[in-house]
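Structure first, commentary second.
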There are 2 protein chains.
Amino acid sequence: MTLFTPQPIGYVRSSYKDTREIPKGLGAKHDVEGVLEVLPEFGLGLTDIEGFSHLIVIWVFDHSQGFELLGTPPSDNRPHGVFATRSPRRPNPVGLTIVELLSRDGTRLHVRGVDMLDGTPILDIKPYLSSVPAEKLRRGWLAEAEARRNK
Amino acid sequence: MTLFTPQPIGYVRSSYKDTREIPKGLGAKHDVEGVLEVLPEFGLGLTDIEGFSHLIVIWVFDHSQGFELLGTPPSDNRPHGVFATRSPRRPNPVGLTIVELLSRDGTRLHVRGVDMLDGTPILDIKPYLSSVPAEKLRRGWLAEAEARRNK
């Protein structure tokens, strides 16, 4: 049974040509600017998108091979389950990034907060509508790893 | 070129048997509880997930046929681009829901905030790590539609 056949609606343009250039681990900042280049045939789907300050970008880890259910992320020295991490080696190699929309130029969206390689295929763009208040958020092993590092 | 072949890592169990039962539009509340039933072969990937209060669930609109680049959502009487809405009729029929993790029972995650149909295939689960502060968020046509309704 095929769920669906993923197709790129566009590609990320960023300064990252190699995964080693992308900041990872605790305290990694993602304020790099880049462009979401939407394919012309999907351009109509961007109507009214400029009203949103933040977008959810769903994309493909197209350089990732296979998956690992338990792995040690760059932010810790202990292994965690793949669904409790942002590892690229996932059963479905789908990435997610929240970006700030700076401007739109036709089918090119200029954004801040890119952590994808140049040429990354984009599957979907959704408006970011609401946040979980910070005081209601628990961040499990990541908060613990941060606390250990700051000791 | 095939990007990847989506496979379910599990299924949503919810009380919703028909899309008409799911609250939609302005002010829709999603505090319904449900279960993310992860398949046993992916269970190891849930290691340490119970430390996170909120999860990002990526799933498939498996009842959706085709896509519509411009459509009128239930929350407005004006058409908007598909990438500025949560419409199910997307080029890649991928949905995203933020849920609150209530408890874990083996490979069953009890969660609050379900807006998916019973039986929805899950593609991925990721930890929710940080929020965009409310004061930095602009919500475009949705905020305008709310303002018109409240006049």
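Note on naming: chains are A, B, ... as they come in the structure tokens, residues start from 1 per chain, ligands start from 1 in the order shown.
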All residues 10 Å or closer to A:Glu100, only C-alpha atoms, same chain fewer than 4 positions away omitted, as an MDAnalysis selection string: (chainID A and resid 31 33 52:56 109:114 128) or (chainID B and resid 132 136:137)
I need the residues from that last selection saved to file as a short mmCIF file (atom, residue, chain, number, x, y, z; two decimals), in the first residue's frame (with all heavy atoms), if you can.
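File produced: part_34.cif:
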```
data_model
loop_
_atom_site.label_atom_id
_atom_site.label_comp_id
_atom_site.auth_asym_id
_atom_site.auth_seq_id
_atom_site.Cartn_x
_atom_site.Cartn_y
_atom_site.Cartn_z
N ASP A 31 20.05 31.40 12.85
CA ASP A 31 19.52 32.68 12.38
C ASP A 31 20.03 33.01 10.98
O ASP A 31 19.98 34.14 10.54
CB ASP A 31 19.81 33.81 13.37
CG ASP A 31 21.25 33.78 13.86
OD1 ASP A 31 22.07 33.11 13.19
OD2 ASP A 31 21.55 34.44 14.86
N GLU A 33 20.02 33.32 7.03
CA GLU A 33 18.97 33.59 6.05
C GLU A 33 19.11 32.69 4.84
O GLU A 33 20.21 32.23 4.51
CB GLU A 33 19.02 35.07 5.63
CG GLU A 33 18.65 35.98 6.80
CD GLU A 33 18.62 37.46 6.43
OE1 GLU A 33 18.56 37.79 5.21
OE2 GLU A 33 18.65 38.28 7.36
N PHE A 52 1.91 36.09 7.27
CA PHE A 52 2.37 35.30 8.42
C PHE A 52 3.84 35.61 8.72
O PHE A 52 4.66 35.68 7.81
CB PHE A 52 2.18 33.81 8.16
CG PHE A 52 0.73 33.43 8.07
CD1 PHE A 52 0.05 33.48 6.87
CD2 PHE A 52 0.03 33.08 9.22
CE1 PHE A 52 -1.31 33.17 6.80
CE2 PHE A 52 -1.33 32.77 9.15
CZ PHE A 52 -1.99 32.82 7.94
N SER A 53 4.15 35.75 9.99
CA SER A 53 5.53 36.05 10.37
C SER A 53 6.39 34.81 10.36
O SER A 53 7.60 34.88 10.13
CB SER A 53 5.57 36.71 11.75
OG SER A 53 5.03 35.84 12.73
N HIS A 54 5.80 33.66 10.65
CA HIS A 54 6.56 32.43 10.77
C HIS A 54 5.89 31.30 9.98
O HIS A 54 4.67 31.23 9.92
CB HIS A 54 6.70 32.02 12.24
CG HIS A 54 7.55 32.96 13.04
ND1 HIS A 54 7.10 34.18 13.47
CD2 HIS A 54 8.85 32.87 13.45
CE1 HIS A 54 8.08 34.80 14.13
NE2 HIS A 54 9.15 34.03 14.13
N LEU A 55 6.71 30.45 9.41
CA LEU A 55 6.21 29.33 8.60
C LEU A 55 6.82 28.03 9.11
O LEU A 55 7.95 28.02 9.62
CB LEU A 55 6.59 29.53 7.13
CG LEU A 55 6.12 30.84 6.47
CD1 LEU A 55 6.70 30.94 5.06
CD2 LEU A 55 4.60 30.91 6.44
N ILE A 56 6.06 26.96 8.93
CA ILE A 56 6.57 25.61 9.21
C ILE A 56 6.97 25.02 7.85
O ILE A 56 6.15 24.96 6.95
CB ILE A 56 5.49 24.73 9.85
CG1 ILE A 56 5.02 25.35 11.17
CG2 ILE A 56 6.01 23.30 10.05
CD1 ILE A 56 3.78 24.65 11.76
N LEU A 109 10.60 32.87 -1.26
CA LEU A 109 10.37 33.36 0.10
C LEU A 109 11.71 33.53 0.79
O LEU A 109 12.46 32.56 0.97
CB LEU A 109 9.51 32.36 0.88
CG LEU A 109 8.15 31.99 0.27
CD1 LEU A 109 7.45 30.94 1.13
CD2 LEU A 109 7.27 33.22 0.10
N HIS A 110 12.01 34.77 1.17
CA HIS A 110 13.25 35.04 1.92
C HIS A 110 12.95 34.81 3.39
O HIS A 110 12.02 35.42 3.94
CB HIS A 110 13.71 36.48 1.67
CG HIS A 110 14.13 36.69 0.26
ND1 HIS A 110 15.42 36.58 -0.18
CD2 HIS A 110 13.39 36.96 -0.84
CE1 HIS A 110 15.48 36.80 -1.48
NE2 HIS A 110 14.25 37.03 -1.91
N VAL A 111 13.72 33.94 4.01
CA VAL A 111 13.42 33.53 5.38
C VAL A 111 14.66 33.56 6.25
O VAL A 111 15.80 33.53 5.76
CB VAL A 111 12.80 32.11 5.42
CG1 VAL A 111 11.48 32.06 4.65
CG2 VAL A 111 13.78 31.06 4.88
N ARG A 112 14.44 33.60 7.56
CA ARG A 112 15.53 33.50 8.54
C ARG A 112 15.32 32.24 9.37
O ARG A 112 14.19 31.92 9.72
CB ARG A 112 15.53 34.72 9.46
CG ARG A 112 16.65 34.69 10.50
CD ARG A 112 16.57 35.86 11.46
NE ARG A 112 16.92 37.10 10.78
CZ ARG A 112 16.21 38.23 10.87
NH1 ARG A 112 15.12 38.27 11.58
NH2 ARG A 112 16.61 39.31 10.22
N GLY A 113 16.42 31.56 9.64
CA GLY A 113 16.33 30.38 10.51
C GLY A 113 16.54 29.08 9.75
O GLY A 113 16.09 28.01 10.18
N VAL A 114 17.23 29.18 8.63
CA VAL A 114 17.46 28.01 7.78
C VAL A 114 18.50 27.09 8.41
O VAL A 114 19.54 27.54 8.87
CB VAL A 114 17.93 28.51 6.39
CG1 VAL A 114 18.64 27.43 5.63
CG2 VAL A 114 16.73 29.05 5.60
N TYR A 128 2.52 29.08 10.67
CA TYR A 128 2.72 28.82 12.11
C TYR A 128 1.66 29.64 12.83
O TYR A 128 1.66 30.87 12.74
CB TYR A 128 4.13 29.25 12.48
CG TYR A 128 4.54 28.98 13.92
CD1 TYR A 128 5.44 27.97 14.21
CD2 TYR A 128 4.06 29.75 14.97
CE1 TYR A 128 5.85 27.72 15.52
CE2 TYR A 128 4.45 29.51 16.28
CZ TYR A 128 5.35 28.50 16.55
OH TYR A 128 5.76 28.26 17.84
N VAL B 132 7.87 30.04 19.23
CA VAL B 132 8.01 31.43 18.83
C VAL B 132 7.20 32.25 19.85
O VAL B 132 6.02 31.95 20.08
CB VAL B 132 7.43 31.67 17.42
CG1 VAL B 132 7.49 33.13 17.05
CG2 VAL B 132 8.18 30.81 16.41
N LYS B 136 5.85 37.88 18.96
CA LYS B 136 6.57 37.96 17.69
C LYS B 136 5.79 37.34 16.53
O LYS B 136 6.27 37.25 15.40
CB LYS B 136 7.92 37.24 17.81
CG LYS B 136 8.89 37.96 18.71
CD LYS B 136 10.31 37.53 18.45
CE LYS B 136 11.28 38.32 19.33
NZ LYS B 136 12.62 37.75 19.32
N LEU B 137 4.60 36.85 16.82
CA LEU B 137 3.83 36.09 15.84
C LEU B 137 2.81 36.98 15.13
O LEU B 137 2.06 37.71 15.76
CB LEU B 137 3.09 34.98 16.59
CG LEU B 137 2.88 33.65 15.91
CD1 LEU B 137 4.18 33.08 15.38
CD2 LEU B 137 2.26 32.68 16.91
#
```
Contact residues around A:Glu144 with only C-alpha atoms at 12 Å, ignoring same-chain residues under 2 positions, as a list of chain:residue names: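 Once the nearby chain positions are removed, what remains is A:Leu26, A:Ser75, A:Asp76, A:Asn77, A:Arg78, A:Arg138, A:Arg139, A:Gly140, A:Trp141, A:Leu142, A:Glu146, A:Ala147, A:Arg148, A:Arg149, A:Asn150, A:Lys151, B:Asp48, B:Gly51, B:Phe52.
Comparing B:Asp105, B:Glu68, B:Asp18, B:Asp62 by their smallest distance to A:Gly45, the closest is B:Glu68 (using only C-alpha atoms).
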Picked from chain A by DSSP as strand (DSSP E or B), as a PyMOL selection string: chain A and resi 10-13+33-38+52+54-60+70-71+80-81+94-105+108-112+121-127+139
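Interatomic distance, atom CA of A:Ser15 to atom CA of A:Val32: 8.5 Å.
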DSSP helix (DSSP H, G or I) residues within chain A, as a list in words: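 Here are the helix (DSSP H, G or I) residues of chain A: Thr19, Arg20, Glu21, Pro40, Glu41, Phe42, Gly43, Leu44, Gly45, Leu46, Ile49, Glu50, Gly51, Val82, Phe83, Ala84, Ala134, Glu135, Lys136, Gly140, Trp141, Leu142, Ala143, Glu144, Ala145, Glu146, Ala147, Arg148 and Arg149 of chain A.
Going from atom CA of A:Phe83 to atom CA of B:Tyr16 covers 24.8 Å.
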Best match for closeness to B:Ile49 among B:Pro127, B:Gly95, B:Gly106, B:Pro73, counting only C-alpha atoms: B:Pro127
Using only C-alpha atoms, determine which residues lie at most 12 Å from A:Val60, disregarding the query and same-chain residues fewer than 4 positions distant; provide the list as a compact mmCIF listing (two decimals) with all heavy atoms, in the first residue's frame.
```txt
# COMPACT_ATOMS: atom_id res chain seq x y z
N PRO A 6 5.82 11.32 -2.48
CA PRO A 6 6.29 12.68 -2.19
C PRO A 6 6.86 13.34 -3.43
O PRO A 6 7.60 12.71 -4.20
CB PRO A 6 7.39 12.45 -1.14
CG PRO A 6 7.14 11.10 -0.57
CD PRO A 6 6.53 10.29 -1.69
N GLN A 7 6.50 14.61 -3.62
CA GLN A 7 7.04 15.38 -4.74
C GLN A 7 7.52 16.72 -4.20
O GLN A 7 6.88 17.30 -3.33
CB GLN A 7 5.98 15.60 -5.82
CG GLN A 7 4.69 16.25 -5.29
CD GLN A 7 3.70 16.57 -6.40
OE1 GLN A 7 4.09 16.94 -7.49
NE2 GLN A 7 2.41 16.39 -6.11
N PRO A 8 8.63 17.22 -4.70
CA PRO A 8 9.09 18.52 -4.21
C PRO A 8 8.15 19.64 -4.69
O PRO A 8 7.76 19.65 -5.86
CB PRO A 8 10.48 18.69 -4.83
CG PRO A 8 10.62 17.63 -5.86
CD PRO A 8 9.54 16.63 -5.70
N ILE A 9 7.77 20.53 -3.78
CA ILE A 9 7.04 21.73 -4.21
C ILE A 9 8.04 22.87 -4.43
O ILE A 9 7.68 23.95 -4.88
CB ILE A 9 5.97 22.18 -3.18
CG1 ILE A 9 6.64 22.53 -1.84
CG2 ILE A 9 4.90 21.13 -3.01
CD1 ILE A 9 5.91 23.62 -1.09
N GLY A 10 9.30 22.62 -4.10
CA GLY A 10 10.34 23.62 -4.28
C GLY A 10 11.62 23.15 -3.62
O GLY A 10 11.70 21.99 -3.19
N TYR A 11 12.59 24.06 -3.55
CA TYR A 11 13.90 23.71 -3.00
C TYR A 11 14.41 24.83 -2.11
O TYR A 11 14.13 26.01 -2.35
CB TYR A 11 14.90 23.45 -4.14
CG TYR A 11 14.52 22.24 -4.96
CD1 TYR A 11 13.71 22.39 -6.09
CD2 TYR A 11 14.92 20.97 -4.58
CE1 TYR A 11 13.31 21.27 -6.83
CE2 TYR A 11 14.53 19.86 -5.31
CZ TYR A 11 13.73 20.01 -6.43
OH TYR A 11 13.33 18.91 -7.14
N VAL A 12 15.21 24.44 -1.11
CA VAL A 12 15.83 25.43 -0.23
C VAL A 12 17.10 25.95 -0.90
O VAL A 12 17.88 25.18 -1.46
CB VAL A 12 16.20 24.77 1.13
CG1 VAL A 12 16.95 25.76 2.01
CG2 VAL A 12 14.96 24.23 1.82
N SER A 64 20.24 11.50 3.60
CA SER A 64 20.24 10.53 4.70
C SER A 64 19.94 9.13 4.15
O SER A 64 19.09 8.97 3.29
CB SER A 64 19.17 10.96 5.70
OG SER A 64 19.17 10.12 6.82
N GLN A 65 20.66 8.14 4.67
CA GLN A 65 20.47 6.75 4.23
C GLN A 65 20.02 5.92 5.43
O GLN A 65 20.70 5.89 6.44
CB GLN A 65 21.79 6.16 3.72
CG GLN A 65 22.39 6.88 2.52
CD GLN A 65 21.79 6.38 1.21
OE1 GLN A 65 21.46 5.22 1.09
NE2 GLN A 65 21.64 7.28 0.24
N PRO A 88 18.57 12.96 11.49
CA PRO A 88 18.16 12.79 10.09
C PRO A 88 17.86 11.33 9.73
O PRO A 88 17.21 11.08 8.72
CB PRO A 88 19.37 13.30 9.30
CG PRO A 88 20.52 13.28 10.25
CD PRO A 88 19.97 13.33 11.65
N ARG A 89 18.35 10.40 10.55
CA ARG A 89 18.20 8.98 10.20
C ARG A 89 16.90 8.43 10.79
O ARG A 89 16.89 7.70 11.77
CB ARG A 89 19.43 8.22 10.67
CG ARG A 89 20.72 8.86 10.10
CD ARG A 89 21.90 7.94 10.20
NE ARG A 89 21.63 6.70 9.52
CZ ARG A 89 22.16 5.53 9.87
NH1 ARG A 89 22.99 5.47 10.89
NH2 ARG A 89 21.87 4.43 9.21
N ARG A 90 15.78 8.81 10.16
CA ARG A 90 14.44 8.50 10.65
C ARG A 90 13.76 7.51 9.71
O ARG A 90 14.07 7.48 8.52
CB ARG A 90 13.60 9.77 10.70
CG ARG A 90 14.34 11.01 11.18
CD ARG A 90 13.45 12.23 11.28
NE ARG A 90 12.53 12.13 12.40
CZ ARG A 90 12.88 12.33 13.67
NH1 ARG A 90 14.11 12.68 13.98
NH2 ARG A 90 11.99 12.20 14.64
N PRO A 91 12.78 6.73 10.21
CA PRO A 91 12.05 5.80 9.33
C PRO A 91 11.48 6.52 8.09
O PRO A 91 11.58 6.01 6.98
CB PRO A 91 10.96 5.26 10.24
CG PRO A 91 11.57 5.29 11.61
CD PRO A 91 12.43 6.53 11.62
N ASN A 92 10.89 7.69 8.28
CA ASN A 92 10.55 8.56 7.15
C ASN A 92 11.46 9.78 7.25
O ASN A 92 11.38 10.53 8.23
CB ASN A 92 9.07 8.98 7.20
CG ASN A 92 8.13 7.81 7.02
OD1 ASN A 92 8.03 7.25 5.93
ND2 ASN A 92 7.47 7.41 8.09
N PRO A 93 12.33 9.98 6.26
CA PRO A 93 13.39 11.01 6.39
C PRO A 93 12.85 12.43 6.17
O PRO A 93 13.21 13.12 5.23
CB PRO A 93 14.38 10.61 5.30
CG PRO A 93 13.53 9.95 4.25
CD PRO A 93 12.43 9.24 5.00
N VAL A 94 11.97 12.84 7.10
CA VAL A 94 11.30 14.12 6.98
C VAL A 94 11.84 15.06 8.04
O VAL A 94 11.93 14.69 9.21
CB VAL A 94 9.77 13.92 7.15
CG1 VAL A 94 9.07 15.25 7.31
CG2 VAL A 94 9.20 13.15 5.97
N GLY A 95 12.24 16.26 7.62
CA GLY A 95 12.71 17.29 8.53
C GLY A 95 11.69 18.39 8.68
O GLY A 95 10.79 18.55 7.83
N LEU A 96 11.82 19.16 9.75
CA LEU A 96 10.88 20.25 10.01
C LEU A 96 11.65 21.43 10.55
O LEU A 96 12.49 21.27 11.44
CB LEU A 96 9.84 19.76 11.03
CG LEU A 96 8.73 20.74 11.41
CD1 LEU A 96 7.46 19.95 11.72
CD2 LEU A 96 9.11 21.59 12.59
N THR A 97 11.41 22.59 10.01
CA THR A 97 12.08 23.80 10.46
C THR A 97 11.06 24.93 10.55
O THR A 97 10.24 25.09 9.64
CB THR A 97 13.21 24.20 9.49
OG1 THR A 97 14.11 23.11 9.33
CG2 THR A 97 14.00 25.41 10.00
N MET A 116 18.84 23.91 6.69
CA MET A 116 18.85 22.86 5.67
C MET A 116 19.98 23.12 4.68
O MET A 116 20.40 24.26 4.47
CB MET A 116 17.56 22.85 4.86
CG MET A 116 16.28 22.83 5.65
SD MET A 116 15.83 24.54 6.19
CE MET A 116 14.09 24.57 5.76
N LEU A 117 20.43 22.03 4.06
CA LEU A 117 21.42 22.13 3.00
C LEU A 117 20.84 22.83 1.78
O LEU A 117 19.64 22.74 1.51
CB LEU A 117 21.87 20.73 2.57
CG LEU A 117 22.80 19.98 3.51
CD1 LEU A 117 23.04 18.57 2.96
CD2 LEU A 117 24.12 20.72 3.63
N ASP A 118 21.70 23.48 1.03
CA ASP A 118 21.31 24.03 -0.27
C ASP A 118 20.77 22.90 -1.14
O ASP A 118 21.38 21.82 -1.21
CB ASP A 118 22.53 24.67 -0.94
CG ASP A 118 22.16 25.40 -2.20
OD1 ASP A 118 21.25 26.26 -2.15
OD2 ASP A 118 22.76 25.11 -3.25
N GLY A 119 19.64 23.13 -1.77
CA GLY A 119 19.08 22.12 -2.68
C GLY A 119 18.12 21.15 -2.02
O GLY A 119 17.60 20.25 -2.67
N THR A 120 17.87 21.33 -0.71
CA THR A 120 16.95 20.42 0.00
C THR A 120 15.55 20.51 -0.58
O THR A 120 14.99 21.60 -0.72
CB THR A 120 16.92 20.80 1.50
OG1 THR A 120 18.19 20.49 2.08
CG2 THR A 120 15.83 20.05 2.25
N PRO A 121 14.95 19.35 -0.91
CA PRO A 121 13.58 19.36 -1.45
C PRO A 121 12.56 19.71 -0.36
O PRO A 121 12.61 19.16 0.73
CB PRO A 121 13.36 17.92 -1.94
CG PRO A 121 14.69 17.24 -1.84
CD PRO A 121 15.52 18.01 -0.87
N ILE A 122 11.66 20.61 -0.68
CA ILE A 122 10.59 21.02 0.24
C ILE A 122 9.33 20.24 -0.09
O ILE A 122 8.93 20.16 -1.26
CB ILE A 122 10.32 22.53 0.12
CG1 ILE A 122 11.59 23.33 0.41
CG2 ILE A 122 9.18 22.96 1.05
CD1 ILE A 122 11.45 24.82 0.10
N LEU A 123 8.69 19.66 0.94
CA LEU A 123 7.43 18.94 0.73
C LEU A 123 6.21 19.80 0.99
O LEU A 123 5.18 19.65 0.36
CB LEU A 123 7.34 17.73 1.69
CG LEU A 123 8.27 16.56 1.44
CD1 LEU A 123 7.95 15.46 2.45
CD2 LEU A 123 8.10 16.04 0.02
N ASP A 124 6.34 20.70 1.98
CA ASP A 124 5.15 21.46 2.36
C ASP A 124 5.58 22.70 3.13
O ASP A 124 6.65 22.73 3.74
CB ASP A 124 4.24 20.59 3.25
CG ASP A 124 2.78 21.04 3.25
OD1 ASP A 124 2.44 22.00 2.53
OD2 ASP A 124 1.98 20.41 3.96
N THR B 2 12.40 9.24 -7.07
CA THR B 2 11.60 9.04 -5.86
C THR B 2 12.35 9.62 -4.67
O THR B 2 13.49 9.24 -4.40
CB THR B 2 11.33 7.55 -5.62
OG1 THR B 2 10.71 7.02 -6.79
CG2 THR B 2 10.40 7.34 -4.44
N LEU B 3 11.72 10.55 -3.96
CA LEU B 3 12.37 11.16 -2.78
C LEU B 3 12.51 10.12 -1.68
O LEU B 3 13.58 9.95 -1.12
CB LEU B 3 11.56 12.35 -2.29
CG LEU B 3 11.62 13.60 -3.17
CD1 LEU B 3 10.63 14.64 -2.69
CD2 LEU B 3 13.04 14.17 -3.17
N PHE B 4 11.41 9.46 -1.35
CA PHE B 4 11.40 8.34 -0.39
C PHE B 4 10.01 7.73 -0.46
O PHE B 4 9.09 8.33 -1.03
CB PHE B 4 11.76 8.78 1.02
CG PHE B 4 10.72 9.62 1.71
CD1 PHE B 4 9.81 9.06 2.60
CD2 PHE B 4 10.66 10.99 1.48
CE1 PHE B 4 8.85 9.85 3.22
CE2 PHE B 4 9.69 11.78 2.10
CZ PHE B 4 8.79 11.20 2.97
N THR B 5 9.86 6.55 0.11
CA THR B 5 8.55 5.90 0.12
C THR B 5 7.99 5.98 1.53
O THR B 5 8.51 5.33 2.44
CB THR B 5 8.68 4.43 -0.32
OG1 THR B 5 9.25 4.42 -1.64
CG2 THR B 5 7.32 3.75 -0.36
N PRO B 6 6.95 6.81 1.73
CA PRO B 6 6.41 6.96 3.08
C PRO B 6 5.87 5.65 3.62
O PRO B 6 5.21 4.89 2.89
CB PRO B 6 5.26 7.96 2.88
CG PRO B 6 5.55 8.65 1.59
CD PRO B 6 6.26 7.65 0.74
N ASN B 92 1.54 17.60 -1.24
CA ASN B 92 1.91 16.42 -0.46
C ASN B 92 0.93 16.38 0.72
O ASN B 92 0.93 17.31 1.54
CB ASN B 92 3.35 16.51 0.04
CG ASN B 92 4.35 16.44 -1.11
OD1 ASN B 92 4.54 15.40 -1.72
ND2 ASN B 92 4.97 17.58 -1.43
```
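Here atom CA of B:Gly25 and atom CA of B:Ala143 stand 12.0 Å from one another.
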